[in-house]
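What follows is my_file_30.csv (CSV, C-alpha atoms and all ligand atoms).
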chain,number,residue,atom,x,y,z
A,361,MET,CA,-1.5,-8.6,16.1
A,362,ILE,CA,-1.0,-6.6,12.9
A,363,TYR,CA,-0.4,-2.9,13.3
A,364,THR,CA,-0.6,-0.5,10.3
A,365,LEU,CA,1.3,2.7,10.6
A,366,THR,CA,0.1,5.6,8.4
A,367,LEU,CA,2.3,8.7,9.2
A,368,ASN,CA,0.4,10.7,6.6
A,369,PRO,CA,-3.2,9.7,6.3
A,370,SER,CA,-5.6,11.4,3.9
A,371,VAL,CA,-9.1,12.0,3.0
A,372,ASP,CA,-9.2,10.8,-0.6
A,373,TYR,CA,-11.5,13.0,-2.7
A,374,ILE,CA,-12.2,11.1,-6.0
A,375,ILE,CA,-13.7,13.1,-8.8
A,376,GLY,CA,-14.8,11.9,-12.2
A,377,LEU,CA,-15.3,14.1,-15.3
A,378,GLY,CA,-15.0,13.6,-19.0
A,379,GLN,CA,-12.0,15.8,-19.5
A,380,VAL,CA,-9.9,18.2,-17.5
A,381,ARG,CA,-9.5,21.7,-19.0
A,382,LEU,CA,-6.6,23.4,-17.3
A,383,GLY,CA,-7.1,27.1,-16.6
A,384,GLU,CA,-10.9,26.8,-17.0
A,385,LEU,CA,-13.9,26.0,-14.8
A,386,ASN,CA,-14.4,22.3,-14.6
A,387,ARG,CA,-17.5,20.6,-13.0
A,388,THR,CA,-17.5,17.0,-11.7
A,389,GLU,CA,-19.8,14.3,-12.9
A,390,GLN,CA,-19.1,11.9,-10.1
A,391,GLU,CA,-17.6,12.3,-6.7
A,392,ALA,CA,-16.7,10.1,-3.7
A,393,LYS,CA,-14.8,10.5,-0.4
A,394,PHE,CA,-12.9,7.8,1.5
A,395,PRO,CA,-10.5,7.6,4.3
A,396,GLY,CA,-7.1,7.1,2.8
A,397,GLY,CA,-3.4,6.6,3.3
A,398,LYS,CA,-1.7,3.4,2.7
A,399,GLY,CA,-1.7,1.8,6.2
A,400,ILE,CA,-5.4,2.8,6.7
A,401,ASN,CA,-6.3,1.1,3.4
A,402,VAL,CA,-4.4,-2.0,4.5
A,403,SER,CA,-6.4,-2.1,7.8
A,404,ARG,CA,-9.7,-1.6,6.0
A,405,VAL,CA,-9.0,-4.5,3.5
A,406,LEU,CA,-7.7,-6.8,6.3
A,407,LYS,CA,-11.0,-6.2,8.1
A,408,LYS,CA,-13.0,-7.1,5.0
A,409,MET,CA,-11.0,-10.4,4.9
A,410,GLY,CA,-11.8,-11.1,8.6
A,411,VAL,CA,-8.3,-10.1,9.9
A,412,ASN,CA,-8.1,-7.6,12.8
A,413,SER,CA,-5.5,-5.0,12.9
A,414,GLN,CA,-4.9,-1.7,14.8
A,415,ALA,CA,-4.4,1.4,12.7
A,416,ILE,CA,-1.9,3.9,14.2
A,417,GLY,CA,-0.2,7.1,13.0
A,418,PHE,CA,-1.1,10.8,13.2
A,419,LEU,CA,-4.5,12.4,12.6
A,420,GLY,CA,-5.6,16.0,13.0
A,421,GLY,CA,-8.5,18.4,12.5
A,422,PHE,CA,-11.9,17.8,10.9
A,423,THR,CA,-10.4,15.5,8.3
A,424,GLY,CA,-8.8,13.5,11.0
A,425,ASP,CA,-12.1,13.2,12.8
A,426,TYR,CA,-13.8,12.0,9.7
A,427,ILE,CA,-11.2,9.2,9.2
A,428,GLU,CA,-11.3,8.1,12.8
A,429,GLU,CA,-15.1,7.9,12.9
A,430,TYR,CA,-15.2,6.1,9.5
A,431,LEU,CA,-12.7,3.4,10.8
A,432,GLN,CA,-14.6,3.1,14.1
A,433,ASN,CA,-17.9,2.5,12.2
A,434,GLU,CA,-16.1,-0.3,10.4
A,435,SER,CA,-15.0,-1.7,13.7
A,436,ILE,CA,-11.4,-1.2,13.0
A,437,GLU,CA,-9.3,-0.6,16.2
A,438,THR,CA,-7.4,2.7,16.1
A,439,ASP,CA,-4.8,4.4,18.3
A,440,PHE,CA,-3.9,7.6,16.5
A,441,ILE,CA,-1.9,10.4,18.0
A,442,HIS,CA,-3.8,13.7,17.5
A,443,VAL,CA,-1.9,16.6,16.0
A,444,GLN,CA,-2.8,20.3,15.7
A,445,GLU,CA,-3.1,20.8,11.9
A,446,ASP,CA,-5.6,19.1,9.6
A,447,THR,CA,-4.9,15.7,8.0
A,448,ARG,CA,-4.4,16.3,4.3
A,449,ILE,CA,-7.0,15.9,1.4
A,450,ASN,CA,-5.7,14.0,-1.6
A,451,ILE,CA,-7.4,14.7,-4.9
A,452,LYS,CA,-7.8,11.9,-7.4
A,453,ILE,CA,-9.0,13.0,-10.8
A,454,LYS,CA,-10.5,10.3,-13.0
A,455,ALA,CA,-10.9,11.7,-16.5
A,456,ASN,CA,-9.5,10.1,-19.7
A,457,SER,CA,-6.6,9.0,-17.4
A,458,GLU,CA,-6.1,9.0,-13.6
A,459,THR,CA,-4.3,12.0,-12.1
A,460,GLU,CA,-3.4,12.3,-8.4
A,461,ILE,CA,-2.6,15.4,-6.3
A,462,ASN,CA,-1.4,14.3,-2.9
A,463,GLY,CA,-1.0,16.8,-0.1
A,464,MET,CA,2.2,17.3,2.0
A,465,GLY,CA,0.5,16.6,5.4
A,466,PRO,CA,0.4,18.4,8.7
A,467,ALA,CA,3.2,19.5,10.9
A,468,ILE,CA,4.2,16.9,13.5
A,469,SER,CA,5.8,18.1,16.8
A,470,ASN,CA,8.7,16.4,18.6
A,471,ASP,CA,6.3,15.5,21.4
A,472,ASP,CA,4.0,13.7,18.9
A,473,LEU,CA,7.0,11.9,17.5
A,474,LEU,CA,8.0,10.7,20.9
A,475,LYS,CA,4.5,9.4,21.6
A,476,LEU,CA,4.7,7.4,18.4
A,477,LYS,CA,8.1,5.9,19.3
A,478,GLN,CA,6.8,4.9,22.7
A,479,LYS,CA,3.9,3.1,21.0
A,480,ILE,CA,6.2,1.2,18.7
A,481,ASN,CA,8.4,0.3,21.7
A,482,MET,CA,5.4,-1.5,23.1
A,483,LEU,CA,5.2,-4.0,20.2
A,484,SER,CA,6.4,-7.5,20.8
A,485,LEU,CA,7.6,-10.7,19.0
A,486,GLU,CA,4.2,-11.8,17.9
A,487,ASP,CA,3.4,-8.5,16.2
A,488,LEU,CA,3.8,-7.3,12.6
A,489,LEU,CA,4.0,-3.7,11.7
A,490,VAL,CA,3.0,-2.4,8.2
A,491,LEU,CA,4.8,0.9,7.5
A,492,ALA,CA,3.1,2.4,4.4
A,493,GLY,CA,3.0,5.6,2.5
A,494,SER,CA,4.8,9.0,2.5
A,495,ILE,CA,5.9,10.9,5.6
A,496,PRO,CA,4.6,14.4,6.4
A,497,SER,CA,7.0,17.0,5.0
A,498,THR,CA,8.1,18.2,8.5
A,499,LEU,CA,9.4,14.8,9.5
A,500,PRO,CA,13.0,13.8,8.8
A,501,ASN,CA,13.3,11.2,6.0
A,502,THR,CA,15.1,8.9,8.4
A,503,MET,CA,11.8,8.3,10.1
A,504,TYR,CA,11.1,4.8,8.7
A,505,GLU,CA,14.7,3.7,9.5
A,506,GLU,CA,14.3,4.8,13.1
A,507,ILE,CA,11.0,3.0,13.6
A,508,VAL,CA,12.3,-0.1,11.8
A,509,LYS,CA,15.4,-0.2,14.1
A,510,ILE,CA,13.0,-0.4,17.1
A,511,CYS,CA,11.1,-3.2,15.4
A,512,SER,CA,14.3,-5.1,14.7
A,513,GLU,CA,15.6,-4.8,18.3
A,514,LYS,CA,12.3,-6.2,19.5
A,515,GLY,CA,12.0,-8.9,16.9
A,516,VAL,CA,8.9,-7.4,15.4
A,517,SER,CA,8.3,-8.4,11.7
A,518,PHE,CA,7.6,-5.5,9.4
A,519,VAL,CA,6.3,-4.7,5.9
A,520,VAL,CA,7.2,-1.6,4.0
A,521,ASP,CA,5.3,0.0,1.2
A,522,ALA,CA,7.1,3.3,0.5
A,523,GLU,CA,9.1,5.0,-2.2
A,524,GLY,CA,12.7,5.8,-2.9
A,525,ASP,CA,15.1,6.4,0.0
A,526,LEU,CA,12.4,5.6,2.6
A,527,LEU,CA,12.3,2.1,1.2
A,528,LYS,CA,16.0,1.7,0.3
A,529,LYS,CA,17.2,2.6,3.9
A,530,VAL,CA,15.1,-0.1,5.6
A,531,LEU,CA,16.2,-3.0,3.4
A,532,PRO,CA,19.3,-4.0,5.4
A,533,LEU,CA,16.9,-4.6,8.4
A,534,GLY,CA,15.1,-7.3,6.6
A,535,PRO,CA,11.4,-6.4,5.8
A,536,PHE,CA,9.2,-9.4,5.5
A,537,LEU,CA,7.5,-7.9,2.4
A,538,ILE,CA,8.0,-4.9,0.2
A,539,LYS,CA,5.7,-3.9,-2.7
A,540,PRO,CA,7.0,-1.4,-5.1
A,541,ASN,CA,5.0,-0.8,-8.3
A,542,HIS,CA,7.1,-0.9,-11.5
A,543,HIS,CA,7.5,2.9,-11.6
A,544,GLU,CA,8.9,2.9,-8.0
A,545,LEU,CA,11.2,0.0,-8.8
A,546,GLY,CA,12.4,1.7,-11.9
A,547,GLU,CA,13.1,4.9,-9.9
A,548,LEU,CA,15.2,2.9,-7.4
A,549,PHE,CA,17.4,1.5,-10.1
A,550,GLU,CA,17.2,4.4,-12.5
A,551,THR,CA,15.6,2.3,-15.3
A,552,THR,CA,12.3,1.6,-16.9
A,553,PHE,CA,10.5,-1.7,-17.6
A,554,SER,CA,8.3,-2.7,-20.5
A,555,THR,CA,7.3,-6.2,-19.4
A,556,VAL,CA,6.7,-7.8,-16.0
A,557,GLU,CA,9.4,-10.4,-16.6
A,558,GLU,CA,12.0,-7.6,-16.7
A,559,VAL,CA,11.5,-6.7,-13.1
A,560,ILE,CA,12.6,-10.1,-11.7
A,561,PRO,CA,16.4,-9.5,-11.7
A,562,PHE,CA,15.7,-6.2,-9.9
A,563,GLY,CA,13.5,-7.9,-7.4
A,564,GLU,CA,16.4,-10.3,-6.8
A,565,LYS,CA,18.7,-7.4,-6.1
A,566,LEU,CA,16.2,-6.2,-3.5
A,567,LEU,CA,16.4,-9.7,-1.9
A,568,LYS,CA,20.2,-9.4,-1.8
A,569,MET,CA,19.8,-5.9,-0.2
A,570,GLY,CA,17.7,-7.5,2.6
A,571,ALA,CA,14.0,-7.9,1.7
A,572,LYS,CA,12.6,-11.4,2.4
A,573,ASN,CA,9.7,-11.2,-0.1
A,574,VAL,CA,9.2,-8.7,-2.9
A,575,ILE,CA,6.0,-8.1,-4.9
A,576,VAL,CA,6.3,-5.9,-7.9
A,577,SER,CA,3.0,-4.7,-9.3
A,578,PHE,CA,2.6,-3.7,-12.9
A,579,ALA,CA,-1.0,-2.4,-13.0
A,580,GLY,CA,-3.0,-4.2,-15.6
A,581,GLU,CA,0.1,-5.9,-17.1
A,582,GLY,CA,0.7,-8.4,-14.3
A,583,ALA,CA,2.7,-8.8,-11.1
A,584,ALA,CA,5.8,-10.6,-9.9
A,585,LEU,CA,6.6,-12.2,-6.5
A,586,ILE,CA,10.3,-12.7,-5.9
A,587,THR,CA,11.4,-14.9,-2.9
A,588,ALA,CA,14.5,-16.7,-1.8
A,589,ASN,CA,12.8,-19.9,-3.0
A,590,GLY,CA,12.1,-18.6,-6.5
A,591,ALA,CA,10.0,-16.2,-8.4
A,592,TYR,CA,6.4,-16.2,-9.6
A,593,LEU,CA,4.6,-14.3,-12.3
A,594,ALA,CA,0.9,-13.5,-12.2
A,595,ALA,CA,-1.5,-12.5,-15.0
A,596,VAL,CA,-4.1,-10.1,-13.6
A,597,PRO,CA,-7.9,-10.5,-14.2
A,598,LYS,CA,-9.4,-8.4,-17.0
A,599,GLY,CA,-12.1,-5.9,-16.2
A,600,GLU,CA,-13.2,-2.3,-16.2
A,601,VAL,CA,-11.1,-0.1,-13.9
A,602,LYS,CA,-13.3,2.1,-11.8
A,603,SER,CA,-10.5,3.6,-9.7
A,604,SER,CA,-7.2,2.1,-8.9
A,605,VAL,CA,-6.7,4.2,-5.7
A,606,GLY,CA,-5.8,1.7,-3.0
A,607,ALA,CA,-5.1,-1.2,-5.4
A,608,GLY,CA,-1.5,-1.5,-4.3
A,609,ASP,CA,-2.5,-1.3,-0.6
A,610,SER,CA,-5.1,-4.0,-1.2
A,611,MET,CA,-2.4,-6.2,-2.6
A,612,VAL,CA,-0.4,-5.9,0.6
A,613,ALA,CA,-3.5,-6.6,2.7
A,614,GLY,CA,-4.6,-9.6,0.5
A,615,PHE,CA,-1.1,-11.1,0.8
A,616,LEU,CA,-1.0,-10.7,4.6
A,617,ALA,CA,-4.5,-11.9,5.2
A,618,ALA,CA,-4.0,-15.1,3.2
A,619,TYR,CA,-0.5,-15.7,4.5
A,620,GLU,CA,-1.7,-15.3,8.1
A,621,LYS,CA,-4.3,-18.0,7.5
A,622,GLU,CA,-2.3,-20.6,5.6
A,623,LYS,CA,1.4,-19.6,5.5
A,624,ASP,CA,1.5,-20.5,1.8
A,625,ILE,CA,3.4,-17.9,-0.2
A,626,GLU,CA,2.0,-18.8,-3.6
A,627,LYS,CA,-1.6,-18.7,-2.4
A,628,ALA,CA,-0.9,-15.4,-0.6
A,629,PHE,CA,0.3,-14.0,-3.9
A,630,ARG,CA,-2.8,-15.1,-5.7
A,631,TYR,CA,-5.0,-13.4,-3.0
A,632,SER,CA,-2.8,-10.3,-3.3
A,633,VAL,CA,-3.3,-10.0,-7.0
A,634,ALA,CA,-7.1,-10.7,-6.8
A,635,SER,CA,-7.4,-8.1,-4.0
A,636,GLY,CA,-5.5,-5.5,-6.1
A,637,SER,CA,-7.7,-6.1,-9.1
A,638,ALA,CA,-10.9,-6.3,-7.0
A,639,THR,CA,-10.1,-2.8,-5.8
A,640,ALA,CA,-9.2,-1.5,-9.2
A,641,PHE,CA,-12.6,-2.7,-10.5
A,642,SER,CA,-14.5,-0.9,-7.6
A,643,LEU,CA,-15.1,2.7,-6.6
A,644,GLY,CA,-13.4,2.5,-3.2
A,645,LEU,CA,-11.8,-0.6,-1.8
A,646,CYS,CA,-12.6,-4.3,-2.7
A,647,THR,CA,-15.0,-6.5,-0.9
A,648,SER,CA,-14.1,-10.1,0.1
A,649,GLU,CA,-16.9,-11.3,-2.3
A,650,LYS,CA,-15.3,-9.5,-5.3
A,651,VAL,CA,-11.8,-10.9,-4.3
A,652,GLU,CA,-13.2,-14.5,-4.2
A,653,GLU,CA,-14.9,-13.9,-7.6
A,654,LEU,CA,-11.7,-12.9,-9.2
A,655,LEU,CA,-9.4,-15.5,-7.6
A,656,PRO,CA,-10.0,-18.2,-10.4
A,657,GLN,CA,-9.0,-15.6,-13.0
A,658,VAL,CA,-5.5,-15.0,-11.5
A,659,SER,CA,-3.1,-17.4,-13.2
A,660,ILE,CA,0.3,-17.8,-11.6
A,661,HIS,CA,3.3,-19.6,-12.8
A,662,ARG,CA,6.7,-20.2,-11.4
A,663,TYR,CA,9.3,-18.3,-13.3
A,664,LYS,CA,12.1,-20.3,-14.8
A,665,ARG,CA,15.5,-18.7,-15.2
A,666,GLY,CA,16.2,-18.2,-18.8
A,667,GLU,CA,12.6,-17.6,-19.6
A,668,LEU,CA,13.5,-14.0,-20.5
A,669,GLY,CA,15.5,-15.3,-23.5
A,701,LIG,N1,-6.0,-2.2,-15.4
A,701,LIG,C1,-6.0,-3.1,-14.4
A,701,LIG,N2,-6.5,-4.3,-14.6
A,701,LIG,C2,-6.5,-5.3,-13.7
A,701,LIG,N3,-6.0,-5.1,-12.5
A,701,LIG,C3,-5.4,-3.9,-12.2
A,701,LIG,C4,-5.3,-2.9,-13.1
A,701,LIG,N4,-4.7,-1.8,-12.5
A,701,LIG,C5,-4.3,-2.2,-11.3
A,701,LIG,N5,-4.7,-3.5,-11.1
A,701,LIG,C6,-4.5,-4.4,-9.9
A,701,LIG,O1,-4.0,-3.6,-8.8
A,701,LIG,C7,-2.7,-4.0,-8.5
A,701,LIG,C8,-1.8,-2.8,-8.1
A,701,LIG,O2,-1.8,-1.9,-9.2
A,701,LIG,P1,-0.5,-0.9,-9.4
A,701,LIG,O3,-1.1,0.2,-10.2
A,701,LIG,O4,0.6,-1.6,-10.0
A,701,LIG,O5,-0.1,-0.5,-7.9
A,701,LIG,P2,-0.1,0.8,-7.1
A,701,LIG,O6,-1.6,1.1,-6.8
A,701,LIG,O7,0.7,0.5,-5.9
A,701,LIG,O8,0.5,1.9,-8.0
A,701,LIG,C9,-2.2,-4.8,-9.7
A,701,LIG,O9,-1.2,-5.8,-9.4
A,701,LIG,C10,-3.5,-5.4,-10.2
A,701,LIG,O10,-3.8,-6.6,-9.4
A,702,LIG,O1,1.4,8.6,1.3
A,702,LIG,P1,1.3,8.8,-0.2
A,702,LIG,O2,2.5,8.2,-0.9
A,702,LIG,O3,1.1,10.2,-0.6
A,702,LIG,O4,0.1,8.0,-0.8
A,702,LIG,C1,-1.2,8.2,-0.2
A,702,LIG,C2,-2.3,7.8,-1.2
A,702,LIG,O5,-2.1,6.5,-1.5
A,702,LIG,C3,-3.3,5.7,-1.2
A,702,LIG,O6,-3.1,5.1,0.0
A,702,LIG,C4,-3.5,4.7,-2.3
A,702,LIG,O7,-2.3,4.0,-2.6
A,702,LIG,P2,-2.2,2.9,-3.7
A,702,LIG,O8,-3.1,3.3,-4.9
A,702,LIG,O9,-0.8,2.8,-4.1
A,702,LIG,O10,-2.7,1.6,-3.1
A,702,LIG,C5,-4.4,6.7,-1.1
A,702,LIG,O11,-5.4,6.3,-0.2
A,702,LIG,C6,-3.7,7.9,-0.6
A,702,LIG,O12,-4.2,9.1,-1.1
In structure tokens, write the structure found in this file.
Ligand SMILES: Nc1ncnc2c1ncn2[C@@H]1O[C@H](COP(=O)(O)OP(=O)(O)O)[C@@H](O)[C@H]1O
Ligand SMILES: O=P(O)(O)OC[C@H]1O[C@](O)(COP(=O)(O)O)[C@@H](O)[C@@H]1O
Amino acid sequence: MIYTLTLNPSVDYIIGLGQVRLGELNRTEQEAKFPGGKGINVSRVLKKMGVNSQAIGFLGGFTGDYIEEYLQNESIETDFIHVQEDTRINIKIKANSETEINGMGPAISNDDLLKLKQKINMLSLEDLLVLAGSIPSTLPNTMYEEIVKICSEKGVSFVVDAEGDLLKKVLPLGPFLIKPNHHELGELFETTFSTVEEVIPFGEKLLKMGAKNVIVSFAGEGAALITANGAYLAAVPKGEVKSSVGAGDSMVAGFLAAYEKEKDIEKAFRYSVASGSATAFSLGLCTSEKVEELLPQVSIHRYKRGELG
């Protein structure tokens, strides 16, 4: 069974307007609300692809109720721990560019934390845990490390989609997959990238640090998959971006759904990219039909060393 852990879920409030004028009254021209948070998005896209998962983490207040009900209406299994304060609301502004304001999240008590660890302790060898997104500001930033240590003792495979130290610290324990975007990868190594090829040596460093498979996304510019058996580059489909919120999470879900079915890493990468773009071209997450439609437009080639010139 796949479990997705969202320590800091959100209601994503997406607003569209021509231009944002700071310090003035702005009115929206378009708005939408969705349950959000990286693990929750992974569970929702997995479901669309016919793969069941259980969504776990912390939810609280009216925003937490909204998320739980939404997931239950989509027949997604949930087992959240309920906390006192409200789950956060993340604001996504789509004007001439995309701006995000993500909340810090509710307080989590020691009791709640203990309940979560008990839940993780019940996972077994056949399970896979996706740890995705930020952690509420009251939790120690060793949180992922602690959870991953439990997984590693129990032989549970795990995937991590998180930034900075949260990601770095879990690498020695051997995540099956990590998916930084090019900004996050750049921050890890204190550098910047201008082409997708440039990320490959840094993906290889992450393999040496312990990751088994690394996908680096580069928004509309392409994506790279780096594995012990070689690296692949993907050109992403062209289209109109409606909202890229959840595109990265859709890549993780697309990869896992396809890998679960055929255990073919290159095919899984193709699905991953098609799923990311299908979400970017939608308001909300992708549908499986949109992913299938985009698949032929994802061209993948094996990267040959020296290609960089
Ligand atoms: N402008 C775009 N055109 C086509 N696909 C896109 C575009 N922006 C994002 N995507 C798709 O979404 C994936 C993830 O986007 P990215 O912005 O790199 O990740 P994240 O959402 O994690 O920041 C990309 O690999 C691609 O498949
Ligand atoms: O936990 P974080 O890092 O604040 O991110 C949470 C946000 O990321 C999302 O999961 C979207 O992530 P991606 O666009 O990277 O796929 C939103 O639903 C949510 O608002």
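Excluding Lys664 (chain A) itself and same-chain residues fewer than 5 positions from it, the residues having an atom within 12 Å of it are A:Glu557, A:Ile560, A:Ile586, A:Asn589, A:Gly590, A:Ala591, A:Tyr592, A:Leu593, A:Gly669, counting only C-alpha atoms.
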Got time to write the residues from that selection, C-alpha atoms, as a PDB file, in the coordinates of the input?
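What follows is the written file selection-v8.pdb:
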ATOM      1  CA  GLU A 557       9.400 -10.400 -16.600  1.00  0.00           C
ATOM      2  CA  ILE A 560      12.600 -10.100 -11.700  1.00  0.00           C
ATOM      3  CA  ILE A 586      10.300 -12.700  -5.900  1.00  0.00           C
ATOM      4  CA  ASN A 589      12.800 -19.900  -3.000  1.00  0.00           C
ATOM      5  CA  GLY A 590      12.100 -18.600  -6.500  1.00  0.00           C
ATOM      6  CA  ALA A 591      10.000 -16.200  -8.400  1.00  0.00           C
ATOM      7  CA  TYR A 592       6.400 -16.200  -9.600  1.00  0.00           C
ATOM      8  CA  LEU A 593       4.600 -14.300 -12.300  1.00  0.00           C
ATOM      9  CA  GLY A 669      15.500 -15.300 -23.500  1.00  0.00           C
TER      10      GLY A 669
END
Check your understanding: Which value, in Å to one decimal, gives the distance between atom C1 of ligand LIG 701 (chain A) and CA of Gly378 (chain A)?
Key ->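 Interatomic distance here is 19.5 Å.
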Review point. Taking only C-alpha atoms and all ligand atoms into account, which of A:Glu460, A:Asp446, A:Asp624, A:Asp439 comes nearest ligand LIG 702 (chain A)?
Key: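 Selected residue with least distance to ligand LIG 702 (chain A): A:Glu460.
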Exercise for review: Identify, on the basis of all atoms listed in the file, every residue whose closest approach to region 603-613 of chain A does not exceed 9 Å; exclude the query and any residue fewer than 5 positions from it along the same chain; express the result as a PyMOL selection string.
Suggested key: chain A and resi 372+374+396-406+409+452+454+458+492+519+521+537-541+575+577+579+618+629+631-646
Check your understanding: So what do you get for CA of Val651 (chain A) versus CA of Gly524 (chain A), distance-wise?
Key ->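 Interatomic distance here is 29.7 Å.
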Check your understanding: So how many Å separate atom O9 of ligand LIG 701 (chain A) and CA of Val596 (chain A), to one decimal?
Key -> 6.7 Å
Exercise for review: Extract, using all atoms listed in the file, all DNA, RNA and protein residues at most 9 Å from Glu547 (chain A), discarding same-chain residues fewer than 4 positions from it, and format them as a count of residues only.
Suggested key: 6
**Study point:** Protein and nucleic acid residues near (19.5, -4.6, 5.3) (cut-off 6 Å, all atoms listed in the file) as a PyMOL selection string
**Key:** chain A and resi 531-534+569-570
Check your understanding: What lies within 7 Å of region 483-490 of chain A using only C-alpha atoms, ignoring chain neighbours under 6 positions off, as a VMD selection string?
Key -> chain A and resid 361 to 365 399 514 to 520
Exercise for review: Select, from A:Phe578, A:Phe549, A:Tyr619, A:Tyr663, the residue with the minimum atom-to-atom distance to ligand LIG 702 (chain A), counting only C-alpha atoms and all ligand atoms.
Suggested key: A:Phe578
Point to revise | Among the residues A:Leu616, A:Val601, A:Leu526, A:Ile436, the one that comes closest to ligand LIG 701 (chain A) [using all atoms listed in the file] | key: A:Val601
Point to revise | Near-region 468-471 of chain A list (7 Å; only C-alpha atoms; drop same-chain fewer than 4 positions) as number ranges by chain | key: A: 443, 475, 498-499
Take region 584-602 of chain A, bring it up to N, CA and C atoms, and give me the output as a PDB file, keeping the file's coordinate frame.
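Listing of result_14.pdb after writing:
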ATOM      1  N   ALA A 584       4.747  -9.629 -10.144  1.00  0.00           N
ATOM      2  CA  ALA A 584       5.800 -10.600  -9.900  1.00  0.00           C
ATOM      3  C   ALA A 584       5.994 -10.746  -8.388  1.00  0.00           C
ATOM      4  N   LEU A 585       6.236 -11.971  -7.936  1.00  0.00           N
ATOM      5  CA  LEU A 585       6.600 -12.200  -6.500  1.00  0.00           C
ATOM      6  C   LEU A 585       8.023 -12.810  -6.573  1.00  0.00           C
ATOM      7  N   ILE A 586       8.955 -12.216  -5.878  1.00  0.00           N
ATOM      8  CA  ILE A 586      10.300 -12.700  -5.900  1.00  0.00           C
ATOM      9  C   ILE A 586      10.664 -13.104  -4.437  1.00  0.00           C
ATOM     10  N   THR A 587      11.051 -14.374  -4.226  1.00  0.00           N
ATOM     11  CA  THR A 587      11.400 -14.900  -2.900  1.00  0.00           C
ATOM     12  C   THR A 587      12.709 -15.613  -2.956  1.00  0.00           C
ATOM     13  N   ALA A 588      13.258 -15.957  -1.802  1.00  0.00           N
ATOM     14  CA  ALA A 588      14.500 -16.700  -1.800  1.00  0.00           C
ATOM     15  C   ALA A 588      14.328 -18.084  -2.431  1.00  0.00           C
ATOM     16  N   ASN A 589      13.087 -18.598  -2.456  1.00  0.00           N
ATOM     17  CA  ASN A 589      12.800 -19.900  -3.000  1.00  0.00           C
ATOM     18  C   ASN A 589      12.388 -19.858  -4.494  1.00  0.00           C
ATOM     19  N   GLY A 590      12.485 -18.712  -5.118  1.00  0.00           N
ATOM     20  CA  GLY A 590      12.100 -18.600  -6.500  1.00  0.00           C
ATOM     21  C   GLY A 590      11.168 -17.456  -6.776  1.00  0.00           C
ATOM     22  N   ALA A 591      10.850 -17.292  -8.058  1.00  0.00           N
ATOM     23  CA  ALA A 591      10.000 -16.200  -8.400  1.00  0.00           C
ATOM     24  C   ALA A 591       8.724 -16.669  -9.117  1.00  0.00           C
ATOM     25  N   TYR A 592       7.672 -15.882  -9.028  1.00  0.00           N
ATOM     26  CA  TYR A 592       6.400 -16.200  -9.600  1.00  0.00           C
ATOM     27  C   TYR A 592       5.886 -15.040 -10.446  1.00  0.00           C
ATOM     28  N   LEU A 593       5.190 -15.358 -11.532  1.00  0.00           N
ATOM     29  CA  LEU A 593       4.600 -14.300 -12.300  1.00  0.00           C
ATOM     30  C   LEU A 593       3.063 -14.491 -12.306  1.00  0.00           C
ATOM     31  N   ALA A 594       2.329 -13.401 -12.219  1.00  0.00           N
ATOM     32  CA  ALA A 594       0.900 -13.500 -12.200  1.00  0.00           C
ATOM     33  C   ALA A 594       0.292 -12.704 -13.372  1.00  0.00           C
ATOM     34  N   ALA A 595      -0.719 -13.296 -14.018  1.00  0.00           N
ATOM     35  CA  ALA A 595      -1.500 -12.500 -15.000  1.00  0.00           C
ATOM     36  C   ALA A 595      -2.704 -11.997 -14.226  1.00  0.00           C
ATOM     37  N   VAL A 596      -3.010 -10.709 -14.381  1.00  0.00           N
ATOM     38  CA  VAL A 596      -4.100 -10.100 -13.600  1.00  0.00           C
ATOM     39  C   VAL A 596      -5.439 -10.277 -14.331  1.00  0.00           C
ATOM     40  N   PRO A 597      -6.547 -10.327 -13.579  1.00  0.00           N
ATOM     41  CA  PRO A 597      -7.900 -10.500 -14.200  1.00  0.00           C
ATOM     42  C   PRO A 597      -8.157  -9.259 -15.130  1.00  0.00           C
ATOM     43  N   LYS A 598      -9.012  -9.508 -16.118  1.00  0.00           N
ATOM     44  CA  LYS A 598      -9.400  -8.400 -17.000  1.00  0.00           C
ATOM     45  C   LYS A 598     -10.730  -7.828 -16.498  1.00  0.00           C
ATOM     46  N   GLY A 599     -10.879  -6.525 -16.612  1.00  0.00           N
ATOM     47  CA  GLY A 599     -12.100  -5.900 -16.200  1.00  0.00           C
ATOM     48  C   GLY A 599     -12.070  -4.418 -16.348  1.00  0.00           C
ATOM     49  N   GLU A 600     -13.169  -3.754 -16.005  1.00  0.00           N
ATOM     50  CA  GLU A 600     -13.200  -2.300 -16.200  1.00  0.00           C
ATOM     51  C   GLU A 600     -12.679  -1.627 -14.905  1.00  0.00           C
ATOM     52  N   VAL A 601     -11.644  -0.809 -15.067  1.00  0.00           N
ATOM     53  CA  VAL A 601     -11.100  -0.100 -13.900  1.00  0.00           C
ATOM     54  C   VAL A 601     -11.954   1.059 -13.532  1.00  0.00           C
ATOM     55  N   LYS A 602     -12.475   1.008 -12.294  1.00  0.00           N
ATOM     56  CA  LYS A 602     -13.300   2.100 -11.800  1.00  0.00           C
ATOM     57  C   LYS A 602     -12.461   3.173 -11.134  1.00  0.00           C
TER      58      LYS A 602
END
